[in-house]
Amino acid sequence: MKITTVETFLVAPRWLFCRIGTDEGVVGWGEPVVEGRAATVRTCVEELSELIIGTDPLRIEDHWQVLTKAGFYRGGAISASAVAGIDQALWDIAGKVRGAPVHELLGGPVRDKVRVYSWVGGDEPAEVAEAIAERMAAGFTAVKMNAGNAMTPLATFGDIQAVVDRAVVARETLGPHGDFAIDFHGRVTRANAIRLLPLLAEAAPFFVEEALLPEESHLFPSLQGLANIPLATGERLYSRSEFLPVLQAGISVAQPDLSHAGGISEVRRIASLAEVFGAHMAPHCPLGPIALAASLQVDFAIPNFLIQEQSLGIHYNQGNDLLDYLVDPTVFEFKDGYVARPTAPGLGIEVDEAAVRRADEKGHRWRGPVWRHADGSFAEW
């Protein structure tokens with residue numbers, strides 16, 4: 001079997017899909033994307049495809065090594081994401097060739113279902129309560145929300161209290177057995193994080209995500225011990241080597257993204273590294289159905305899994321949503337806060353190729369917003 005084609009598709013609302021074809025008719029799908037830089041990743045996939053066209057798609061590890069190391073300049077979000085999508089597609093092919101879901105090829109399932117959480121917005125306590133109640137009615141037992149909007153380097157008492165108020169409302173709405181995570185999103189400076197974490201402890205968040213920017217990972221030890229809240233990070237870390245310092249610093253939850261951190265091959269290794277440090281995995285995935293399918297295959301195969309993010313109904317999905325490009329959307333049927341183990345070969349989903357090709361005819365140019373503080377200086381989004 002040989003790889004004959006590598007195609008990419010810009011798919012609304014903000015995704016990039018990759019299709020790898022073979023001379024035996026077996027097709028694999030992946031989702032290589034950097035949100036807001038999809039066209040750039042598309043070019044990278046096209047360049048990398050030169051290294052794999054005409055080769056055996058089942059030599060996944062060899063391909064991963066070549067794709068990540070054949071260039072003298074290595075790493076970074078664009079390259080790691082391009083490799084991630086290709087890697088997902090190769091695993092999809094491998095599963096289909098062997099007639100088994102990918103998690104069977106990774107050693108078999110260690111659980112029968114995977115817990116998932118839903119994103120909720122709302123900048124005011126009443127809005128948070130309403131959004132969480134709606135997600136609970138849909139069967140979810142865990143949610144995640146942003147701490148707030150742009151925050152000045154040393155926030156006012158009112159801004160700090162607003163974050164705490166939302167957390168209190170979230171806890172009251174969910175009750176003692178539901179879970180909510182708070183995403184600082186890199187918007188909260190170290191100084192504000194030091195102030196916030198002890199104040200949030202009483203509401204008992206499931207975890208606090210990205211309490212520091214990725215380039216400030218060396219500062220995580222200064223946050224440990226401030227409150228009994230697990231710290232999580234990793235959506236903007238792309239390899240084992242980048243995860244090592246934050247794991248050494250004591251984070252409790254690692255959040256690699258299957259479409260950013262080198263795909264199934266590398267995230268499986270990140271999970272093993274995290275296990276050494278007693279950390280659990282909560283893969284980042286506010287993306288499309290292929291990224292979620294790849295995430296689930298890893299989730300079912302790793303012992304230190306915690307919870308899975310998914311994007312159904314997320315505010316980014318305007319015009320198109322998670323299930324729109326699947327032949328059978330029931331594979332992502334969420335029940336009582338869980339999704340059942342997929343049993344179909346490969347990634348466990350059937351992509352609606354005709355719908356994908358139609359979407360690519362329109363494409364998209366999604367960009368993240370640029371925020372500024374009141375004084376006109378740049379603000380983290």
# chains A, B, ... in the order shown; residues from 1 in each chain; ligands from 1
>>> residues_around(residues="A:Arg135", least_positions_apart="6", cutoff="9 Å", atoms="only C-alpha atoms", output="PyMOL selection string")
chain A and resi 118-120+141-143
>>> closest_atom_pairs(of="stretch 54-129 of chain A", to="stretch 289-309 of chain A", cutoff="10 Å", atoms="only C-alpha atoms", output="tab-separated table")
residue	atom	partner	partner_atom	distance
A:Ala84	CA	A:Ala291	CA	9.5
A:Gly85	CA	A:Ala291	CA	8.3
A:Asp87	CA	A:Ala294	CA	9.9
A:Gln88	CA	A:Ala294	CA	6.5
A:Ala89	CA	A:Ile290	CA	9.2
A:Trp91	CA	A:Ala294	CA	8.9
A:Asp92	CA	A:Ala294	CA	8.7
A:Pro101	CA	A:Gln297	CA	7.6
A:Val102	CA	A:Gln297	CA	5.9
A:His103	CA	A:Gln297	CA	4.9
A:Glu104	CA	A:Ala301	CA	7.7
A:Leu105	CA	A:Ala301	CA	9.0
A:Leu106	CA	A:Ala301	CA	6.2
A:Gly107	CA	A:Ala301	CA	6.6
A:Gly108	CA	A:Ala301	CA	6.0
A:Pro109	CA	A:Ala301	CA	4.9
A:Val110	CA	A:Ala301	CA	5.7
A:Arg111	CA	A:Phe300	CA	5.9
A:Asp112	CA	A:Phe300	CA	7.5
A:Lys113	CA	A:Phe300	CA	7.6
A:Val114	CA	A:Ile307	CA	7.0
A:Arg115	CA	A:Ile307	CA	5.2
A:Val116	CA	A:Gln308	CA	4.6
A:Tyr117	CA	A:Glu309	CA	5.4
A:Ser118	CA	A:Glu309	CA	6.6
A:Trp119	CA	A:Glu309	CA	8.0
>>> atom_distance(atom1="atom CA of A:Val128", atom2="atom CA of A:Arg166")
6.8 Å
>>> residues_around(residues="A:Ser252", least_positions_apart="2", cutoff="7 Å", atoms="only C-alpha atoms", output="list of chain:residue names")
A:Pro230, A:Leu231, A:Ala232, A:Gly250, A:Ala254, A:Ala279, A:His280
>>> select_by_dssp(residues="stretch 139-255 of chain A", states="alpha helix (DSSP H)", output="JSON, numbers by chain")
{"A": [157, 158, 159, 160, 161, 162, 163, 164, 165, 166, 167, 168, 169, 170, 171, 172, 173, 174, 190, 191, 192, 193, 194, 195, 196, 197, 198, 199, 200, 240, 241, 242, 243, 244, 245, 246, 247, 248]}
>>> write_last_selection(atoms="N, CA and C atoms", output="mmCIF file, in the first residue's frame")
data_model
loop_
_atom_site.group_PDB
_atom_site.id
_atom_site.type_symbol
_atom_site.label_atom_id
_atom_site.label_comp_id
_atom_site.auth_asym_id
_atom_site.auth_seq_id
_atom_site.Cartn_x
_atom_site.Cartn_y
_atom_site.Cartn_z
ATOM 1 N N PHE A 157 -10.370 45.681 42.518
ATOM 2 C CA PHE A 157 -11.112 44.807 43.429
ATOM 3 C C PHE A 157 -12.393 44.305 42.760
ATOM 4 N N GLY A 158 -13.055 45.184 42.018
ATOM 5 C CA GLY A 158 -14.302 44.805 41.367
ATOM 6 C C GLY A 158 -14.109 43.717 40.337
ATOM 7 N N ASP A 159 -13.026 43.800 39.551
ATOM 8 C CA ASP A 159 -12.761 42.777 38.542
ATOM 9 C C ASP A 159 -12.420 41.435 39.192
ATOM 10 N N ILE A 160 -11.635 41.497 40.258
ATOM 11 C CA ILE A 160 -11.294 40.263 40.979
ATOM 12 C C ILE A 160 -12.555 39.636 41.573
ATOM 13 N N GLN A 161 -13.384 40.473 42.195
ATOM 14 C CA GLN A 161 -14.597 39.964 42.841
ATOM 15 C C GLN A 161 -15.570 39.385 41.818
ATOM 16 N N ALA A 162 -15.596 39.949 40.613
ATOM 17 C CA ALA A 162 -16.498 39.435 39.575
ATOM 18 C C ALA A 162 -16.144 38.005 39.196
ATOM 19 N N VAL A 163 -14.855 37.697 39.143
ATOM 20 C CA VAL A 163 -14.432 36.324 38.852
ATOM 21 C C VAL A 163 -14.897 35.388 39.955
ATOM 22 N N VAL A 164 -14.705 35.819 41.199
ATOM 23 C CA VAL A 164 -15.118 34.999 42.342
ATOM 24 C C VAL A 164 -16.629 34.808 42.349
ATOM 25 N N ASP A 165 -17.364 35.865 42.054
ATOM 26 C CA ASP A 165 -18.832 35.771 42.052
ATOM 27 C C ASP A 165 -19.316 34.748 41.027
ATOM 28 N N ARG A 166 -18.713 34.751 39.845
ATOM 29 C CA ARG A 166 -19.119 33.778 38.834
ATOM 30 C C ARG A 166 -18.821 32.354 39.285
ATOM 31 N N ALA A 167 -17.682 32.180 39.931
ATOM 32 C CA ALA A 167 -17.328 30.847 40.424
ATOM 33 C C ALA A 167 -18.318 30.374 41.492
ATOM 34 N N VAL A 168 -18.710 31.265 42.376
ATOM 35 C CA VAL A 168 -19.670 30.910 43.429
ATOM 36 C C VAL A 168 -21.010 30.502 42.812
ATOM 37 N N VAL A 169 -21.447 31.259 41.824
ATOM 38 C CA VAL A 169 -22.714 30.931 41.155
ATOM 39 C C VAL A 169 -22.610 29.585 40.439
ATOM 40 N N ALA A 170 -21.473 29.333 39.815
ATOM 41 C CA ALA A 170 -21.283 28.050 39.142
ATOM 42 C C ALA A 170 -21.397 26.897 40.129
ATOM 43 N N ARG A 171 -20.757 27.046 41.282
ATOM 44 C CA ARG A 171 -20.831 25.992 42.299
ATOM 45 C C ARG A 171 -22.264 25.823 42.795
ATOM 46 N N GLU A 172 -22.959 26.910 43.055
ATOM 47 C CA GLU A 172 -24.336 26.823 43.537
ATOM 48 C C GLU A 172 -25.242 26.147 42.511
ATOM 49 N N THR A 173 -25.013 26.432 41.236
ATOM 50 C CA THR A 173 -25.859 25.862 40.185
ATOM 51 C C THR A 173 -25.589 24.377 39.994
ATOM 52 N N LEU A 174 -24.334 23.991 40.031
ATOM 53 C CA LEU A 174 -23.957 22.601 39.811
ATOM 54 C C LEU A 174 -24.192 21.716 41.025
ATOM 55 N N ARG A 190 0.473 36.844 36.472
ATOM 56 C CA ARG A 190 0.899 36.109 37.668
ATOM 57 C C ARG A 190 0.438 36.829 38.936
ATOM 58 N N ALA A 191 0.544 38.154 38.937
ATOM 59 C CA ALA A 191 0.124 38.914 40.120
ATOM 60 C C ALA A 191 -1.363 38.707 40.401
ATOM 61 N N ASN A 192 -2.187 38.749 39.361
ATOM 62 C CA ASN A 192 -3.619 38.542 39.561
ATOM 63 C C ASN A 192 -3.935 37.093 39.917
ATOM 64 N N ALA A 193 -3.170 36.155 39.354
ATOM 65 C CA ALA A 193 -3.379 34.747 39.700
ATOM 66 C C ALA A 193 -3.094 34.510 41.178
ATOM 67 N N ILE A 194 -2.058 35.137 41.689
ATOM 68 C CA ILE A 194 -1.725 35.000 43.113
ATOM 69 C C ILE A 194 -2.869 35.513 43.986
ATOM 70 N N ARG A 195 -3.538 36.564 43.521
ATOM 71 C CA ARG A 195 -4.670 37.102 44.282
ATOM 72 C C ARG A 195 -5.913 36.237 44.133
ATOM 73 N N LEU A 196 -6.136 35.703 42.938
ATOM 74 C CA LEU A 196 -7.389 35.001 42.649
ATOM 75 C C LEU A 196 -7.455 33.592 43.221
ATOM 76 N N LEU A 197 -6.382 32.853 43.104
ATOM 77 C CA LEU A 197 -6.452 31.429 43.445
ATOM 78 C C LEU A 197 -6.948 31.172 44.870
ATOM 79 N N PRO A 198 -6.430 31.868 45.881
ATOM 80 C CA PRO A 198 -6.956 31.613 47.233
ATOM 81 C C PRO A 198 -8.440 31.977 47.366
ATOM 82 N N LEU A 199 -8.875 33.017 46.648
ATOM 83 C CA LEU A 199 -10.261 33.449 46.748
ATOM 84 C C LEU A 199 -11.222 32.470 46.072
ATOM 85 N N LEU A 200 -10.730 31.715 45.085
ATOM 86 C CA LEU A 200 -11.566 30.768 44.361
ATOM 87 C C LEU A 200 -11.681 29.417 45.060
ATOM 88 N N ARG A 240 6.612 16.625 24.119
ATOM 89 C CA ARG A 240 7.022 16.134 25.439
ATOM 90 C C ARG A 240 8.008 17.086 26.094
ATOM 91 N N SER A 241 8.945 17.580 25.307
ATOM 92 C CA SER A 241 9.980 18.436 25.885
ATOM 93 C C SER A 241 9.390 19.718 26.448
ATOM 94 N N GLU A 242 8.302 20.225 25.849
ATOM 95 C CA GLU A 242 7.662 21.430 26.372
ATOM 96 C C GLU A 242 6.792 21.129 27.587
ATOM 97 N N PHE A 243 6.292 19.909 27.686
ATOM 98 C CA PHE A 243 5.493 19.540 28.848
ATOM 99 C C PHE A 243 6.345 19.201 30.068
ATOM 100 N N LEU A 244 7.573 18.792 29.848
ATOM 101 C CA LEU A 244 8.405 18.363 30.972
ATOM 102 C C LEU A 244 8.547 19.426 32.060
ATOM 103 N N PRO A 245 8.856 20.690 31.733
ATOM 104 C CA PRO A 245 9.019 21.682 32.812
ATOM 105 C C PRO A 245 7.754 21.919 33.631
ATOM 106 N N VAL A 246 6.587 21.942 32.981
ATOM 107 C CA VAL A 246 5.362 22.208 33.749
ATOM 108 C C VAL A 246 4.980 21.004 34.583
ATOM 109 N N LEU A 247 5.285 19.810 34.116
ATOM 110 C CA LEU A 247 5.050 18.624 34.935
ATOM 111 C C LEU A 247 6.001 18.614 36.131
ATOM 112 N N GLN A 248 7.245 18.991 35.899
ATOM 113 C CA GLN A 248 8.200 19.100 37.006
ATOM 114 C C GLN A 248 7.778 20.169 38.000
#
>>> closest_residue(among="A:Gly139, A:Pro214, A:Gly288, A:Gly186", to="A:Glu333", atoms="only C-alpha atoms")
A:Gly139
